[in-house]
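To be precise, the following lines are input.cif, and they hold mmCIF, C-alpha atoms.
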data_query
loop_
_atom_site.label_atom_id
_atom_site.label_comp_id
_atom_site.auth_asym_id
_atom_site.auth_seq_id
_atom_site.Cartn_x
_atom_site.Cartn_y
_atom_site.Cartn_z
CA THR R 181 112.60 78.48 61.01
CA ARG R 182 116.22 77.59 61.65
CA ARG R 183 117.45 77.19 65.18
CA LEU R 184 121.12 77.56 66.12
CA THR R 185 122.67 75.79 69.11
CA LEU R 186 126.18 75.91 70.49
CA THR R 187 128.41 72.89 70.25
CA ASP R 188 130.02 71.59 73.43
CA PHE R 189 133.23 73.32 72.38
CA GLY R 190 131.37 76.58 71.72
CA GLN R 191 129.64 76.42 75.10
CA GLU R 192 132.94 75.79 76.87
CA PHE R 193 134.59 78.64 74.96
CA LEU R 194 131.72 81.00 75.89
CA GLU R 195 132.08 80.12 79.58
CA HIS R 196 135.83 80.71 79.36
CA CYS R 197 135.24 84.16 77.80
CA ARG R 198 132.74 84.98 80.53
CA ARG R 199 135.26 84.07 83.23
CA VAL R 200 137.93 86.19 81.53
CA ALA R 201 135.53 89.16 81.37
CA GLU R 202 134.74 88.75 85.07
CA GLU R 203 138.44 88.68 85.92
CA VAL R 204 139.07 91.82 83.86
CA ALA R 205 136.20 93.59 85.64
CA ALA R 206 137.58 92.45 89.01
CA ALA R 207 141.04 93.75 88.08
CA GLN R 208 139.55 97.12 87.13
CA ASP R 209 137.65 97.25 90.44
CA PHE R 210 140.87 96.43 92.29
CA VAL R 211 142.70 99.30 90.59
CA ARG R 212 139.86 101.69 91.46
CA SER R 213 139.85 100.47 95.06
CA GLN R 214 143.55 101.32 95.41
CA GLU R 215 143.25 104.90 94.19
CA VAL R 216 144.57 107.27 96.83
CA LEU R 217 142.39 110.25 95.93
CA PRO R 218 138.79 109.41 94.95
CA HIS R 219 137.84 110.95 91.64
CA GLY R 220 135.46 110.59 88.73
CA ARG R 221 131.71 110.54 88.31
CA LEU R 222 129.61 109.05 91.11
CA ARG R 223 125.92 108.33 90.44
CA VAL R 224 123.65 108.03 93.48
CA SER R 225 119.92 107.51 93.97
CA MET R 226 118.10 108.61 97.16
CA PRO R 227 114.48 109.16 98.22
CA GLY R 228 114.09 112.94 98.01
CA ASP R 229 112.33 113.47 101.35
CA TYR R 230 114.84 111.37 103.28
CA ALA R 231 117.81 113.02 101.54
CA ARG R 232 116.51 116.50 102.32
CA GLN R 233 116.09 115.69 106.01
CA HIS R 234 119.32 113.77 106.53
CA PHE R 235 121.85 114.21 103.76
CA SER R 236 121.79 117.76 102.36
CA ARG R 237 124.62 118.83 104.67
CA ALA R 238 126.44 115.52 104.15
CA ILE R 239 126.38 115.98 100.38
CA ALA R 240 127.69 119.55 100.66
CA THR R 241 130.60 118.53 102.89
CA PHE R 242 131.37 115.48 100.71
CA ILE R 243 131.75 117.67 97.61
CA GLU R 244 133.97 120.02 99.60
CA ALA R 245 136.15 117.17 100.86
CA TYR R 246 136.53 115.46 97.46
CA PRO R 247 136.97 118.12 94.75
CA GLU R 248 137.82 115.53 92.07
CA ILE R 249 134.43 113.79 92.31
CA GLN R 250 131.46 114.69 90.10
CA LEU R 251 128.42 113.69 92.19
CA ASP R 252 125.13 113.10 90.34
CA VAL R 253 122.22 112.57 92.76
CA ASP R 254 118.86 111.28 91.52
CA LEU R 255 116.18 112.19 94.10
CA SER R 256 113.40 109.73 93.45
CA SER R 257 111.22 107.28 95.35
CA ARG R 258 111.52 104.71 92.54
CA ARG R 259 113.89 101.79 92.92
CA VAL R 260 116.39 102.36 90.14
CA ASP R 261 118.15 99.56 88.29
CA LEU R 262 121.65 100.12 89.69
CA ILE R 263 123.43 98.01 87.11
CA GLY R 264 121.28 98.76 84.07
CA GLU R 265 121.22 102.51 84.78
CA HIS R 266 124.87 102.65 85.91
CA PHE R 267 124.33 103.82 89.49
CA ASP R 268 127.15 103.40 92.01
CA LEU R 269 125.01 103.53 95.14
CA ALA R 270 121.36 103.85 96.14
CA ILE R 271 119.71 104.60 99.48
CA ARG R 272 116.64 102.41 99.98
CA MET R 273 114.13 102.29 102.79
CA GLY R 274 112.43 99.22 104.25
CA ASP R 275 112.68 95.60 103.22
CA LEU R 276 114.93 94.63 100.33
CA ALA R 277 114.32 91.99 97.70
CA ASP R 278 116.88 89.22 97.41
CA ASP R 279 119.27 90.06 94.58
CA ALA R 280 122.59 88.28 94.14
CA THR R 281 123.88 91.12 91.94
CA LEU R 282 123.64 93.68 94.77
CA VAL R 283 125.12 94.14 98.23
CA ALA R 284 123.46 96.19 101.00
CA LYS R 285 124.64 97.79 104.23
CA LYS R 286 122.31 99.20 106.87
CA ILE R 287 123.25 102.80 107.63
CA ASP R 288 120.26 104.19 109.52
CA GLU R 289 116.90 103.44 111.09
CA GLN R 290 113.81 105.64 110.91
CA HIS R 291 111.34 105.63 113.82
CA PHE R 292 107.71 106.47 113.03
CA ALA R 293 104.71 107.68 115.04
CA LEU R 294 101.24 109.11 114.38
CA TYR R 295 100.69 112.87 114.27
CA ALA R 296 97.95 115.43 113.68
CA SER R 297 97.62 119.19 113.93
CA PRO R 298 95.79 121.05 116.72
CA ILE R 299 93.56 122.37 113.91
CA TYR R 300 92.34 118.85 113.14
CA LEU R 301 92.10 117.72 116.77
CA ALA R 302 90.02 120.77 117.69
CA LEU R 303 87.30 119.46 115.36
CA HIS R 304 87.68 115.72 115.97
CA PRO R 305 87.98 113.90 119.33
CA GLU R 306 91.50 112.55 119.75
CA PRO R 307 91.57 108.73 119.48
CA ARG R 308 92.46 106.83 122.64
CA HIS R 309 92.89 103.45 120.95
CA PRO R 310 93.83 102.42 117.38
CA ASP R 311 90.32 100.99 116.88
CA GLU R 312 89.03 104.58 116.98
CA LEU R 313 91.09 105.50 113.90
CA THR R 314 88.20 104.21 111.79
CA HIS R 315 86.29 107.36 112.79
CA HIS R 316 89.06 109.69 111.58
CA SER R 317 90.46 111.03 108.33
CA THR R 318 93.89 109.57 107.70
CA VAL R 319 96.68 110.44 105.29
CA ARG R 320 98.53 107.29 104.24
CA LEU R 321 101.86 106.58 102.58
CA LEU R 322 101.74 104.95 99.15
CA SER R 323 103.92 101.85 98.83
CA ASP R 324 106.05 100.86 95.83
CA ARG R 325 103.32 98.35 94.99
CA GLY R 326 100.73 101.10 94.59
CA SER R 327 98.72 100.46 97.76
CA ALA R 328 98.52 102.24 101.12
CA VAL R 329 101.13 101.13 103.66
CA SER R 330 99.56 99.26 106.56
CA TRP R 331 99.93 100.73 110.05
CA GLN R 332 101.35 98.25 112.54
CA LEU R 333 101.06 99.82 115.99
CA ILE R 334 102.75 98.44 119.09
CA ASN R 335 102.13 99.41 122.70
CA GLY R 336 105.09 98.39 124.84
CA GLN R 337 103.44 99.66 128.03
CA LEU R 338 100.20 97.70 127.79
CA ILE R 339 99.89 94.92 130.36
CA ASN R 340 96.24 93.91 130.05
CA GLY R 341 94.78 93.85 126.56
CA LYS R 342 96.08 93.51 123.04
CA SER R 343 99.46 95.23 122.60
CA GLU R 344 99.51 95.15 118.78
CA TRP R 345 97.18 96.57 116.16
CA GLN R 346 97.52 96.38 112.41
CA GLY R 347 95.39 97.72 109.60
CA VAL R 348 94.88 100.34 106.92
CA PRO R 349 92.57 102.99 108.37
CA PRO R 350 90.02 104.46 105.98
CA GLY R 351 91.11 107.61 104.22
CA ARG R 352 90.84 109.41 100.91
CA LEU R 353 94.44 110.62 100.72
CA THR R 354 97.36 108.34 99.82
CA LEU R 355 100.70 109.82 98.74
CA ASN R 356 104.25 108.65 98.10
CA SER R 357 105.87 111.72 99.71
CA PRO R 358 106.40 112.03 103.49
CA ASP R 359 107.11 115.73 102.91
CA MET R 360 103.66 116.21 101.39
CA ILE R 361 102.03 114.14 104.12
CA GLN R 362 103.69 116.39 106.69
CA GLN R 363 102.33 119.52 105.00
CA LEU R 364 98.83 118.05 104.74
CA LEU R 365 98.86 117.20 108.45
CA LEU R 366 99.93 120.77 109.24
CA ASP R 367 96.97 121.96 107.17
CA GLY R 368 94.55 119.84 109.19
CA ALA R 369 93.90 117.05 106.67
CA GLY R 370 93.87 114.28 109.29
CA ILE R 371 96.12 111.83 111.12
CA GLY R 372 99.24 110.39 109.49
CA ALA R 373 102.42 108.43 110.18
CA LEU R 374 105.71 110.32 109.83
CA PRO R 375 109.36 109.72 110.72
CA CYS R 376 109.98 111.22 114.16
CA SER R 377 113.04 113.03 112.79
CA PHE R 378 110.82 114.96 110.36
CA VAL R 379 108.65 116.63 113.00
CA THR R 380 111.03 117.77 115.77
CA GLU R 381 110.50 121.46 115.01
CA ASP R 382 106.75 121.04 114.45
CA LEU R 383 106.39 119.43 117.88
CA ARG R 384 108.47 122.13 119.55
CA LEU R 385 106.33 124.87 118.01
CA LYS R 386 103.14 122.88 118.73
CA ARG R 387 102.21 122.81 115.05
CA LEU R 388 101.77 119.04 115.32
CA VAL R 389 100.77 116.77 118.19
CA ARG R 390 101.62 113.13 118.61
CA VAL R 391 98.49 110.96 118.46
CA LEU R 392 98.25 107.71 120.45
CA PRO R 393 101.59 108.50 122.15
CA ASP R 394 101.75 105.08 123.85
CA TRP R 395 101.68 103.39 120.46
CA SER R 396 104.58 103.35 117.98
CA LEU R 397 105.28 101.89 114.57
CA PRO R 398 108.18 99.53 113.77
CA ALA R 399 111.44 101.20 112.80
CA VAL R 400 112.20 101.28 109.08
CA PRO R 401 115.83 100.54 108.10
CA ALA R 402 117.73 102.64 105.57
CA TRP R 403 120.16 100.72 103.37
CA ALA R 404 123.06 101.70 101.17
CA VAL R 405 122.77 99.37 98.18
CA MET R 406 125.60 98.85 95.69
CA PRO R 407 126.38 96.55 92.76
CA MET R 408 128.15 93.39 93.92
CA ARG R 409 131.88 93.72 93.29
CA ARG R 410 134.98 92.01 94.57
CA TYR R 411 136.51 95.41 95.34
CA LEU R 412 134.53 98.52 96.22
CA PRO R 413 135.75 101.56 94.24
CA THR R 414 137.44 104.20 96.38
CA LYS R 415 134.92 106.89 95.43
CA THR R 416 131.97 104.70 96.45
CA ARG R 417 133.61 103.71 99.73
CA ALA R 418 134.36 107.37 100.48
CA LEU R 419 130.70 108.36 100.03
CA LEU R 420 129.42 105.37 102.01
CA GLU R 421 131.67 106.14 104.97
CA HIS R 422 130.78 109.85 104.77
CA LEU R 423 127.03 109.12 104.88
CA GLU R 424 127.50 106.66 107.73
CA ARG R 425 129.23 109.31 109.82
CA TYR R 426 126.28 111.65 109.37
CA THR R 427 123.65 109.06 110.28
CA GLN R 428 125.64 108.06 113.37
CA LYS R 429 125.65 111.69 114.50
CA GLY R 430 121.85 111.51 114.52
#
So, in terms of structure tokens, how does the structure I just supplied come out?
Amino acid sequence: TRRLTLTDFGQEFLEHCRRVAEEVAAAQDFVRSQEVLPHGRLRVSMPGDYARQHFSRAIATFIEAYPEIQLDVDLSSRRVDLIGEHFDLAIRMGDLADDATLVAKKIDEQHFALYASPIYLALHPEPRHPDELTHHSTVRLLSDRGSAVSWQLINGQLINGKSEWQGVPPGRLTLNSPDMIQQLLLDGAGIGALPCSFVTEDLRLKRLVRVLPDWSLPAVPAWAVMPMRRYLPTKTRALLEHLERYTQKG
């Protein structure tokens, strides 16, 4: 088997070509960043449940404000390969892996609590402490790693006693969709953790009840993630700023 290796000159030439290609890409990004009217195709990835709750109106008004942009939105819980799949921006929840090829900006924060329906609580005594969750049916969120997300509960009012509890309560239902978890809780399937913003109407209509109201879960950040570039294209910046305005409105 023959093996080819670059000479010192070849290696130096390759590095020079790579630098030239990077400069050309930077020049193209600069031109795009100076465009007065954003236009062109914009590919975006968002978790479907989060987008439905927070960004449906934002997307509609963005398209209205920028008629020259073709917006393609992939609603998926998977973490897309932004560079390999040619995405301009992705919304991601929770902790991010270190990646020198990407840049991230926090645009929102989701607060979580435990909920159940009056249907379920009429048949099962309401827990007074997280330790009692072991006697209940729970509906858990499935993580990207394929396991149930642990519940980390914090009681900021507790003076005497342990103010933190962490574990994965027993349960036979684990899903990767907060929307589906919400529906299962409404149908009396058990106790589950949901973003507080998801259940405002359910609480008002008494379709759901907050369980362990003195205990809360840590907030989960929402990030806008983009490929690392020297200059952010005008169309991407326009969408980022538009989404930020909507999250700031609450």
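Matched in the shown structure by the PyMOL selection byres ((chain R and resi 322-334) around 8): Arg258, Pro310, Arg320, Leu321, Asn335, Gly336, Ser343, Glu344, Trp345, Gln346, Gly347, Val348, Pro349, Thr354, Leu355, Asn356, Ser357, Trp395, Ser396, Leu397 and Pro398 of chain R.
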Query - Matched chain/residue IDs from the PyMOL selection byres ((chain R and resi 352) around 9), as an NGL selection string - result: :R and (317-320 or 350-351 or 353-354)
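Using only C-alpha atoms, the smallest distance between any of R:Met406, R:Ala369, R:Leu374, R:Leu383 and Tyr230 (chain R) comes from R:Leu374.
Computed from the coordinates, the CA of Ala404 (chain R) to CA of Pro358 (chain R) distance equals 19.7 Å.
You can rank R:Arg232, R:His266, R:His309, R:Lys285 by their closest distance to Arg417 (chain R) using all atoms listed in the file, and at the top of that list sits R:Lys285.
Closest approach to Arg223 (chain R) among R:Asp261, R:Asp288, R:Asp278, R:Asp268: R:Asp268, based on only C-alpha atoms.
Here CA of Pro298 (chain R) is placed at a distance of 6.7 Å from CA of Val389 (chain R).
Using only C-alpha atoms for every distance, the candidate list R:His422, R:Lys429, R:Arg390, R:Arg384 yields R:His422 as the residue closest to Glu244 (chain R).
Considering only C-alpha atoms, the residue among R:Pro413, R:Glu421, R:Ile299, R:Lys286 positioned nearest to Pro218 (chain R) is R:Pro413.
When all atoms listed in the file are used to measure the gap to Asp254 (chain R), the shortest distance among R:Ser236, R:Ser225, R:Thr241, R:Thr427 belongs to R:Ser225.
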Report task. Name every residue that the PyMOL selection byres ((chain R and resi 305-307) around 12) selects in this structure, writing the answer as a VMD selection string with chains first and numbers rising. Result -> chain R and resid 294 to 304 308 to 317 370 to 371 389 to 395
Could you turn the residues from that selection into a file that holds C-alpha atoms, as a PDB file, in the coordinates of the input?
ATOM      1  CA  LEU R 294     101.240 109.110 114.380  1.00  0.00           C
ATOM      2  CA  TYR R 295     100.690 112.870 114.270  1.00  0.00           C
ATOM      3  CA  ALA R 296      97.950 115.430 113.680  1.00  0.00           C
ATOM      4  CA  SER R 297      97.620 119.190 113.930  1.00  0.00           C
ATOM      5  CA  PRO R 298      95.790 121.050 116.720  1.00  0.00           C
ATOM      6  CA  ILE R 299      93.560 122.370 113.910  1.00  0.00           C
ATOM      7  CA  TYR R 300      92.340 118.850 113.140  1.00  0.00           C
ATOM      8  CA  LEU R 301      92.100 117.720 116.770  1.00  0.00           C
ATOM      9  CA  ALA R 302      90.020 120.770 117.690  1.00  0.00           C
ATOM     10  CA  LEU R 303      87.300 119.460 115.360  1.00  0.00           C
ATOM     11  CA  HIS R 304      87.680 115.720 115.970  1.00  0.00           C
ATOM     12  CA  ARG R 308      92.460 106.830 122.640  1.00  0.00           C
ATOM     13  CA  HIS R 309      92.890 103.450 120.950  1.00  0.00           C
ATOM     14  CA  PRO R 310      93.830 102.420 117.380  1.00  0.00           C
ATOM     15  CA  ASP R 311      90.320 100.990 116.880  1.00  0.00           C
ATOM     16  CA  GLU R 312      89.030 104.580 116.980  1.00  0.00           C
ATOM     17  CA  LEU R 313      91.090 105.500 113.900  1.00  0.00           C
ATOM     18  CA  THR R 314      88.200 104.210 111.790  1.00  0.00           C
ATOM     19  CA  HIS R 315      86.290 107.360 112.790  1.00  0.00           C
ATOM     20  CA  HIS R 316      89.060 109.690 111.580  1.00  0.00           C
ATOM     21  CA  SER R 317      90.460 111.030 108.330  1.00  0.00           C
ATOM     22  CA  GLY R 370      93.870 114.280 109.290  1.00  0.00           C
ATOM     23  CA  ILE R 371      96.120 111.830 111.120  1.00  0.00           C
ATOM     24  CA  VAL R 389     100.770 116.770 118.190  1.00  0.00           C
ATOM     25  CA  ARG R 390     101.620 113.130 118.610  1.00  0.00           C
ATOM     26  CA  VAL R 391      98.490 110.960 118.460  1.00  0.00           C
ATOM     27  CA  LEU R 392      98.250 107.710 120.450  1.00  0.00           C
ATOM     28  CA  PRO R 393     101.590 108.500 122.150  1.00  0.00           C
ATOM     29  CA  ASP R 394     101.750 105.080 123.850  1.00  0.00           C
ATOM     30  CA  TRP R 395     101.680 103.390 120.460  1.00  0.00           C
TER      31      TRP R 395
END
Query raised in the report: Please, what distance in Å, to one decimal, runs between CA of Val405 (chain R) and CA of Val253 (chain R)?
Result: 14.3 Å
Requested in this report: Show which residues sit within 9 Å of Leu282 (chain R), as a list in words. Count all atoms listed in the file, and ignore same-chain residues fewer than 2 positions away.
Outcome: Leu262, Ile263, Asp278, Asp279, Ala280, Ala284, Val405, Met406, Pro407, Met408 and Arg409 of chain R
**Report entry** Distance query 9 Å from (137.6, 118.0, 88.8) using only C-alpha atoms, result as a ChimeraX atom specification
**Finding:** /R:219-220,247-250
